[in-house]
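S.K.: Quick one: this structure, given as structure tokens, is what I'll be asking you about.
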Amino acid sequence: MTDDFVAVIDGSTSKTDVRYSLDVSNGQLCMQIVSRVIAEELPADATIHDFCRLAAEAVSTYYPEKPQKADNNLMAASAVVLSMKRREVWFVGDCLCLVDGTLYEYPKPEEEINASKRAECIKKMLQEGRVTVDELREHDYGRDSIKNELRSCCERQNKEYAVINGMDIPEHLVHVVSVADAKEVVLASDGYPILKGTLEGSERELERIINDDPLFIDKYKATKCVMKGYKSFDDRTYIRIKF
């Protein structure tokens, strides 16, 4: 949060052994870089294209040379940014937004397909008695079954869907929603399967889903489950702004 911007920045789960920091994961590092861009470099009257350019340039400095083609070795993050001056919400990737109760989301391509494939794999293993729910929460064999698909999806970054990874971000892949007349805006990461107008409501829905289906293979399918010792299937951030 600054005087001019409010943002949720969600670092992507790394799918490589390559590390760009000894202290934090690749996704956390990318989030920190983008956060600094917003706090220290982004002019108050910036457009979404200014943001994409500055964020991409900042991340690219961590590589030997600016990447021209996506691969699994690139760090990445998604972001949803509220520009107070322009009264716009900018989407780069798969973060979520509620504008006066209307949901806006732009999920990764094939996310639903991969989640369904994982769910079918797990259901078959459970039906055949090859594994228990507790064992799956210690090692997600269903996610193993879609690793190639997840890596393939990474290779389509900034070709089929937008993400901040150091590459140039194509204009046609980002989204802008006007909130000029809005009374309330919620920004959140995609760790909320059901996004509500309050944090309490969103957490309550998440808790209900986890209690019913900690593997996330039924009504709300995901590409990963609630691992043993974890509170949820994904990290989450929520912020509500009233005008």
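Convention: chains lettered A, B, ... in structure tokens order; per-chain residue numbering from 1; ligands numbered from 1 as shown.
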Out of region 141-218 of chain A, which residues get strand (DSSP E) from DSSP, as a list in words?

M.R.: His175, Val176, Val177, Ser178, Glu184, Val185, Val186, Leu187 and Ala188 of chain A

S.K.: Could you produce a table of the residues of region 47-122 of chain A lying within 10 Å of region 205-217 of chain A, with the nearest pair of atoms per residue and their separation in Å rounded to one decimal, using only C-alpha atoms, ordered by chain and increasing residue number, as a tab-separated table?

M.R.:
residue	atom	partner	partner_atom	distance
A:Ala115	CA	A:Ile217	CA	7.8
A:Ser116	CA	A:Ile217	CA	7.5
A:Lys117	CA	A:Ile217	CA	9.5
A:Arg118	CA	A:Ile217	CA	7.6
A:Ala119	CA	A:Ile217	CA	4.5
A:Glu120	CA	A:Ile217	CA	7.7
A:Cys121	CA	A:Ile217	CA	9.5
A:Ile122	CA	A:Ile217	CA	7.6

S.K.: Please produce a file of those selected residues containing N, CA, C and O atoms, as a short mmCIF file (atom, residue, chain, number, x, y, z; two decimals), in the first residue's frame.

M.R.:
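Result written to selection-v6.cif:
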data_model
loop_
_atom_site.label_atom_id
_atom_site.label_comp_id
_atom_site.auth_asym_id
_atom_site.auth_seq_id
_atom_site.Cartn_x
_atom_site.Cartn_y
_atom_site.Cartn_z
N ALA A 115 -6.38 -29.33 -12.97
CA ALA A 115 -6.96 -29.63 -11.66
C ALA A 115 -7.87 -30.86 -11.76
O ALA A 115 -7.87 -31.72 -10.86
N SER A 116 -8.63 -30.95 -12.83
CA SER A 116 -9.52 -32.10 -13.02
C SER A 116 -8.72 -33.38 -13.24
O SER A 116 -9.09 -34.45 -12.73
N LYS A 117 -7.63 -33.30 -14.00
CA LYS A 117 -6.79 -34.47 -14.24
C LYS A 117 -6.19 -34.97 -12.93
O LYS A 117 -6.15 -36.19 -12.67
N ARG A 118 -5.72 -34.04 -12.11
CA ARG A 118 -5.17 -34.41 -10.80
C ARG A 118 -6.24 -35.08 -9.95
O ARG A 118 -6.00 -36.09 -9.29
N ALA A 119 -7.44 -34.50 -9.94
CA ALA A 119 -8.53 -35.05 -9.13
C ALA A 119 -8.87 -36.47 -9.54
O ALA A 119 -9.07 -37.35 -8.69
N GLU A 120 -8.94 -36.72 -10.86
CA GLU A 120 -9.27 -38.06 -11.33
C GLU A 120 -8.20 -39.07 -10.95
O GLU A 120 -8.49 -40.21 -10.59
N CYS A 121 -6.94 -38.65 -11.01
CA CYS A 121 -5.84 -39.53 -10.62
C CYS A 121 -5.96 -39.92 -9.15
O CYS A 121 -5.83 -41.10 -8.80
N ILE A 122 -6.23 -38.93 -8.30
CA ILE A 122 -6.32 -39.20 -6.86
C ILE A 122 -7.54 -40.07 -6.55
O ILE A 122 -7.45 -41.01 -5.75
#

S.K.: Find the residue from A:Val8, A:Met1, A:Val186, A:Cys225 that sits nearest to Leu103 (chain A); use only C-alpha atoms when measuring.

M.R.: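 The closest residue to Leu103 (chain A) is A:Val186.
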
S.K.: Of the residues A:Tyr141, A:Ile241, A:Ile33, A:Ser21, which is the one nearest to Lys123 (chain A), using only C-alpha atoms?

M.R.: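 Of A:Tyr141, A:Ile241, A:Ile33, A:Ser21, the one nearest Lys123 (chain A) is A:Tyr141, counting only C-alpha atoms.
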
S.K.: Pull the closest atom pair for each residue of region 22-117 of chain A that gets at most 6 Å from region 175-178 of chain A, along with the distance in Å to one decimal, counting only C-alpha atoms, ordering rows by chain and then ascending residue number, as a tab-separated table.

M.R.:
residue	atom	partner	partner_atom	distance
A:Glu88	CA	A:Ser178	CA	4.5
A:Val89	CA	A:Val177	CA	5.1
A:Trp90	CA	A:Val176	CA	4.8
A:Phe91	CA	A:His175	CA	5.0

S.K.: Would you tabulate, counting only C-alpha atoms, all residues of region 31-107 of chain A that have an atom at most 7 Å from an atom of region 153-172 of chain A, showing the closest pair of atoms and their distance in Å to one decimal, sorted by chain then ascending number, as JSON lines?

M.R.:
{"residue": "A:Cys52", "atom": "CA", "partner": "A:Ile169", "partner_atom": "CA", "distance": 6.4}
{"residue": "A:Arg53", "atom": "CA", "partner": "A:Asp168", "partner_atom": "CA", "distance": 7.0}
{"residue": "A:Ala55", "atom": "CA", "partner": "A:Ile164", "partner_atom": "CA", "distance": 6.9}
{"residue": "A:Ala56", "atom": "CA", "partner": "A:Gly166", "partner_atom": "CA", "distance": 4.3}
{"residue": "A:Glu57", "atom": "CA", "partner": "A:Gly166", "partner_atom": "CA", "distance": 6.1}
{"residue": "A:Val59", "atom": "CA", "partner": "A:Gly166", "partner_atom": "CA", "distance": 4.7}
{"residue": "A:Ser60", "atom": "CA", "partner": "A:Gly166", "partner_atom": "CA", "distance": 4.1}
{"residue": "A:Lys66", "atom": "CA", "partner": "A:Gly166", "partner_atom": "CA", "distance": 6.7}
{"residue": "A:Pro67", "atom": "CA", "partner": "A:Met167", "partner_atom": "CA", "distance": 5.5}
{"residue": "A:Gln68", "atom": "CA", "partner": "A:Met167", "partner_atom": "CA", "distance": 6.2}
{"residue": "A:Ala70", "atom": "CA", "partner": "A:Glu155", "partner_atom": "CA", "distance": 4.9}
{"residue": "A:Asp71", "atom": "CA", "partner": "A:Glu155", "partner_atom": "CA", "distance": 4.8}
{"residue": "A:Asn72", "atom": "CA", "partner": "A:Cys154", "partner_atom": "CA", "distance": 6.0}
{"residue": "A:Leu74", "atom": "CA", "partner": "A:Asn165", "partner_atom": "CA", "distance": 6.2}
{"residue": "A:Met75", "atom": "CA", "partner": "A:Asn165", "partner_atom": "CA", "distance": 5.6}
{"residue": "A:Ala76", "atom": "CA", "partner": "A:Asn165", "partner_atom": "CA", "distance": 4.4}
{"residue": "A:Ala77", "atom": "CA", "partner": "A:Ile164", "partner_atom": "CA", "distance": 5.2}
{"residue": "A:Ser78", "atom": "CA", "partner": "A:Val163", "partner_atom": "CA", "distance": 5.5}
{"residue": "A:Val92", "atom": "CA", "partner": "A:Ala162", "partner_atom": "CA", "distance": 5.5}
{"residue": "A:Gly93", "atom": "CA", "partner": "A:Val163", "partner_atom": "CA", "distance": 5.0}

S.K.: Keeping N, CA, C and O atoms for every residue in the selection just given, could you write it to a file as a compact mmCIF listing (two decimals), in the first residue's frame?

M.R.:
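Generated file (again_39.txt):
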# COMPACT_ATOMS: atom_id res chain seq x y z
N CYS A 52 3.82 -2.62 -16.16
CA CYS A 52 4.34 -3.85 -16.76
C CYS A 52 5.79 -3.67 -17.21
O CYS A 52 6.63 -4.56 -17.00
N ARG A 53 6.08 -2.53 -17.82
CA ARG A 53 7.44 -2.29 -18.31
C ARG A 53 8.44 -2.20 -17.15
O ARG A 53 9.49 -2.85 -17.18
N ALA A 55 8.12 -3.29 -14.03
CA ALA A 55 8.21 -4.55 -13.29
C ALA A 55 9.05 -5.57 -14.05
O ALA A 55 9.90 -6.26 -13.47
N ALA A 56 8.81 -5.68 -15.37
CA ALA A 56 9.57 -6.63 -16.19
C ALA A 56 11.05 -6.27 -16.19
O ALA A 56 11.92 -7.15 -16.06
N GLU A 57 11.36 -4.99 -16.31
CA GLU A 57 12.76 -4.56 -16.32
C GLU A 57 13.44 -4.87 -15.00
O GLU A 57 14.59 -5.32 -14.96
N VAL A 59 12.71 -7.24 -12.77
CA VAL A 59 12.93 -8.68 -12.59
C VAL A 59 14.05 -9.17 -13.52
O VAL A 59 14.87 -10.01 -13.13
N SER A 60 14.10 -8.63 -14.72
CA SER A 60 15.07 -9.11 -15.72
C SER A 60 16.51 -8.86 -15.29
O SER A 60 17.43 -9.55 -15.75
N LYS A 66 18.15 -10.45 -20.60
CA LYS A 66 16.69 -10.37 -20.60
C LYS A 66 16.10 -11.56 -21.34
O LYS A 66 16.45 -11.82 -22.50
N PRO A 67 15.21 -12.32 -20.71
CA PRO A 67 14.66 -13.52 -21.36
C PRO A 67 13.71 -13.17 -22.50
O PRO A 67 12.90 -12.24 -22.39
N GLN A 68 13.82 -13.91 -23.58
CA GLN A 68 12.95 -13.72 -24.73
C GLN A 68 11.92 -14.84 -24.85
O GLN A 68 10.93 -14.71 -25.55
N ALA A 70 9.92 -17.95 -22.38
CA ALA A 70 9.67 -18.45 -21.03
C ALA A 70 10.15 -19.88 -20.87
O ALA A 70 10.09 -20.68 -21.81
N ASP A 71 10.64 -20.20 -19.67
CA ASP A 71 10.94 -21.58 -19.31
C ASP A 71 10.79 -21.73 -17.81
O ASP A 71 10.50 -20.76 -17.09
N ASN A 72 10.98 -22.92 -17.32
CA ASN A 72 10.74 -23.21 -15.90
C ASN A 72 11.74 -22.55 -14.97
O ASN A 72 11.52 -22.52 -13.76
N LEU A 74 12.59 -19.40 -14.88
CA LEU A 74 12.30 -18.00 -14.60
C LEU A 74 11.46 -17.87 -13.32
O LEU A 74 10.54 -18.65 -13.10
N MET A 75 11.80 -16.90 -12.48
CA MET A 75 10.91 -16.58 -11.36
C MET A 75 9.69 -15.87 -11.92
O MET A 75 9.73 -15.30 -13.02
N ALA A 76 8.59 -15.90 -11.17
CA ALA A 76 7.36 -15.30 -11.70
C ALA A 76 6.43 -14.89 -10.57
O ALA A 76 6.48 -15.42 -9.46
N ALA A 77 5.57 -13.93 -10.89
CA ALA A 77 4.54 -13.49 -9.94
C ALA A 77 3.37 -12.93 -10.72
O ALA A 77 3.52 -12.42 -11.84
N SER A 78 2.19 -13.03 -10.12
CA SER A 78 0.99 -12.37 -10.63
C SER A 78 0.70 -11.17 -9.74
O SER A 78 1.13 -11.12 -8.58
N VAL A 92 -2.41 -8.55 -13.93
CA VAL A 92 -1.32 -9.23 -14.64
C VAL A 92 -1.22 -10.61 -14.00
O VAL A 92 -0.61 -10.79 -12.95
N GLY A 93 -1.87 -11.59 -14.60
CA GLY A 93 -1.90 -12.93 -14.02
C GLY A 93 -3.23 -13.26 -13.38
O GLY A 93 -4.27 -12.70 -13.74

S.K.: Looking at only C-alpha atoms, which of A:Lys108, A:Arg36, A:Lys124, A:Lys228 is the one that sits closest to Cys95 (chain A)?

M.R.: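 Checking each candidate against Cys95 (chain A), we get A:Lys108 as the closest.
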
S.K.: Please provide the set of residues having any atom within 10 Å of Leu150 (chain A), restricted to only C-alpha atoms, with same-chain residues fewer than 2 positions apart removed, written as a PDB file with N, CA and C atoms, in the first residue's frame.

M.R.:
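After the write, around-v5.pdb holds the following:
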ATOM      1  N   LYS A  15       9.129 -24.297 -10.062  1.00  0.00           N
ATOM      2  CA  LYS A  15       9.126 -25.652 -10.641  1.00  0.00           C
ATOM      3  C   LYS A  15      10.515 -26.009 -11.162  1.00  0.00           C
ATOM      4  N   ASN A  72      10.980 -22.925 -17.315  1.00  0.00           N
ATOM      5  CA  ASN A  72      10.742 -23.212 -15.902  1.00  0.00           C
ATOM      6  C   ASN A  72      11.738 -22.555 -14.968  1.00  0.00           C
ATOM      7  N   GLU A 110      -5.782 -23.782 -19.012  1.00  0.00           N
ATOM      8  CA  GLU A 110      -5.674 -25.198 -18.646  1.00  0.00           C
ATOM      9  C   GLU A 110      -5.616 -25.440 -17.136  1.00  0.00           C
ATOM     10  N   GLU A 111      -5.783 -24.404 -16.316  1.00  0.00           N
ATOM     11  CA  GLU A 111      -5.784 -24.613 -14.867  1.00  0.00           C
ATOM     12  C   GLU A 111      -6.892 -25.578 -14.459  1.00  0.00           C
ATOM     13  N   ASN A 114      -6.059 -29.155 -15.742  1.00  0.00           N
ATOM     14  CA  ASN A 114      -5.025 -29.810 -14.934  1.00  0.00           C
ATOM     15  C   ASN A 114      -5.546 -30.199 -13.556  1.00  0.00           C
ATOM     16  N   ARG A 143      -0.557 -34.373  -7.848  1.00  0.00           N
ATOM     17  CA  ARG A 143       0.217 -33.276  -8.435  1.00  0.00           C
ATOM     18  C   ARG A 143       1.384 -33.822  -9.252  1.00  0.00           C
ATOM     19  N   ASP A 144       1.973 -34.937  -8.781  1.00  0.00           N
ATOM     20  CA  ASP A 144       3.036 -35.571  -9.570  1.00  0.00           C
ATOM     21  C   ASP A 144       2.543 -35.900 -10.981  1.00  0.00           C
ATOM     22  N   SER A 145       1.269 -36.293 -11.075  1.00  0.00           N
ATOM     23  CA  SER A 145       0.728 -36.737 -12.363  1.00  0.00           C
ATOM     24  C   SER A 145       0.561 -35.603 -13.364  1.00  0.00           C
ATOM     25  N   ILE A 146       0.598 -34.357 -12.884  1.00  0.00           N
ATOM     26  CA  ILE A 146       0.412 -33.215 -13.803  1.00  0.00           C
ATOM     27  C   ILE A 146       1.645 -32.323 -13.864  1.00  0.00           C
ATOM     28  N   LYS A 147       2.765 -32.805 -13.355  1.00  0.00           N
ATOM     29  CA  LYS A 147       3.976 -31.971 -13.345  1.00  0.00           C
ATOM     30  C   LYS A 147       4.384 -31.537 -14.748  1.00  0.00           C
ATOM     31  N   ASN A 148       4.296 -32.444 -15.705  1.00  0.00           N
ATOM     32  CA  ASN A 148       4.669 -32.077 -17.079  1.00  0.00           C
ATOM     33  C   ASN A 148       3.751 -30.994 -17.621  1.00  0.00           C
ATOM     34  N   SER A 152       4.770 -27.270 -18.771  1.00  0.00           N
ATOM     35  CA  SER A 152       4.405 -26.821 -20.115  1.00  0.00           C
ATOM     36  C   SER A 152       3.657 -25.490 -20.056  1.00  0.00           C
ATOM     37  N   CYS A 153       2.824 -25.340 -19.032  1.00  0.00           N
ATOM     38  CA  CYS A 153       2.086 -24.088 -18.863  1.00  0.00           C
ATOM     39  C   CYS A 153       3.052 -22.930 -18.626  1.00  0.00           C
ATOM     40  N   CYS A 154       4.107 -23.184 -17.850  1.00  0.00           N
ATOM     41  CA  CYS A 154       5.112 -22.149 -17.603  1.00  0.00           C
ATOM     42  C   CYS A 154       5.750 -21.669 -18.905  1.00  0.00           C
ATOM     43  N   GLU A 155       5.923 -22.559 -19.822  1.00  0.00           N
ATOM     44  CA  GLU A 155       6.565 -22.213 -21.083  1.00  0.00           C
ATOM     45  C   GLU A 155       5.689 -21.323 -21.964  1.00  0.00           C
ATOM     46  N   THR A 223      -4.848 -27.645  -8.219  1.00  0.00           N
ATOM     47  CA  THR A 223      -3.669 -28.399  -8.656  1.00  0.00           C
ATOM     48  C   THR A 223      -2.803 -28.829  -7.480  1.00  0.00           C
TER      49      THR A 223
END

S.K.: Write out as a tab-separated table (two decimals) with all heavy atoms, in the first residue's frame each polymer residue whose atoms come within 7 Å of region 229-239 of chain A, counting only C-alpha atoms; drop sequence neighbours fewer than 5 positions from it.

M.R.:
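Saved as part00.tsv:
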chain	number	residue	atom	x	y	z
A	8	VAL	N	-1.91	-6.56	-4.57
A	8	VAL	CA	-1.66	-7.92	-4.09
A	8	VAL	C	-0.75	-8.57	-5.12
A	8	VAL	O	-1.08	-8.60	-6.32
A	8	VAL	CB	-2.96	-8.72	-3.92
A	8	VAL	CG1	-2.66	-10.21	-3.75
A	8	VAL	CG2	-3.75	-8.21	-2.72
A	186	VAL	N	-12.21	-5.21	-3.48
A	186	VAL	CA	-11.43	-6.22	-2.77
A	186	VAL	C	-10.38	-6.77	-3.73
A	186	VAL	O	-10.71	-7.14	-4.87
A	186	VAL	CB	-12.32	-7.38	-2.27
A	186	VAL	CG1	-11.46	-8.52	-1.72
A	186	VAL	CG2	-13.29	-6.88	-1.21
A	187	LEU	N	-9.14	-6.80	-3.28
A	187	LEU	CA	-8.06	-7.44	-4.03
A	187	LEU	C	-7.60	-8.67	-3.26
A	187	LEU	O	-7.49	-8.62	-2.02
A	187	LEU	CB	-6.88	-6.49	-4.20
A	187	LEU	CG	-7.14	-5.08	-4.74
A	187	LEU	CD1	-5.84	-4.28	-4.81
A	187	LEU	CD2	-7.82	-5.13	-6.10
A	188	ALA	N	-7.32	-9.76	-3.95
A	188	ALA	CA	-6.93	-10.98	-3.26
A	188	ALA	C	-6.09	-11.87	-4.17
A	188	ALA	O	-6.14	-11.77	-5.39
A	188	ALA	CB	-8.16	-11.75	-2.78
A	189	SER	N	-5.33	-12.76	-3.54
A	189	SER	CA	-4.63	-13.80	-4.28
A	189	SER	C	-5.60	-14.94	-4.57
A	189	SER	O	-6.70	-14.99	-4.02
A	189	SER	CB	-3.42	-14.31	-3.48
A	189	SER	OG	-3.86	-14.95	-2.30
A	190	ASP	N	-5.17	-15.87	-5.41
A	190	ASP	CA	-6.07	-16.96	-5.81
A	190	ASP	C	-6.10	-18.09	-4.78
A	190	ASP	O	-6.57	-19.18	-5.09
A	190	ASP	CB	-5.70	-17.50	-7.19
A	190	ASP	CG	-4.33	-18.14	-7.23
A	190	ASP	OD1	-3.52	-17.91	-6.30
A	190	ASP	OD2	-4.03	-18.87	-8.19
A	191	GLY	N	-5.64	-17.81	-3.57
A	191	GLY	CA	-5.76	-18.78	-2.50
A	191	GLY	C	-7.15	-18.85	-1.90
A	191	GLY	O	-7.40	-19.65	-1.00
A	192	TYR	N	-8.05	-18.01	-2.41
A	192	TYR	CA	-9.46	-18.04	-1.98
A	192	TYR	C	-10.33	-18.63	-3.09
A	192	TYR	O	-10.57	-17.96	-4.09
A	192	TYR	CB	-9.96	-16.64	-1.62
A	192	TYR	CG	-9.37	-16.11	-0.35
A	192	TYR	CD1	-8.38	-15.14	-0.37
A	192	TYR	CD2	-9.79	-16.59	0.89
A	192	TYR	CE1	-7.83	-14.65	0.81
A	192	TYR	CE2	-9.24	-16.12	2.07
A	192	TYR	CZ	-8.27	-15.15	2.02
A	192	TYR	OH	-7.72	-14.68	3.20
A	199	LEU	N	-13.07	-10.35	4.78
A	199	LEU	CA	-12.04	-11.34	5.03
A	199	LEU	C	-12.62	-12.53	5.80
A	199	LEU	O	-12.34	-13.69	5.47
A	199	LEU	CB	-10.90	-10.71	5.84
A	199	LEU	CG	-9.79	-11.66	6.30
A	199	LEU	CD1	-9.10	-12.32	5.12
A	199	LEU	CD2	-8.78	-10.90	7.17
A	224	LYS	N	-3.26	-28.56	-6.25
A	224	LYS	CA	-2.56	-29.02	-5.06
A	224	LYS	C	-3.55	-29.09	-3.90
A	224	LYS	O	-4.64	-28.51	-3.96
A	224	LYS	CB	-1.38	-28.12	-4.70
A	224	LYS	CG	-1.68	-26.63	-4.69
A	224	LYS	CD	-0.39	-25.84	-4.59
A	224	LYS	CE	-0.64	-24.35	-4.80
A	224	LYS	NZ	0.60	-23.57	-4.79
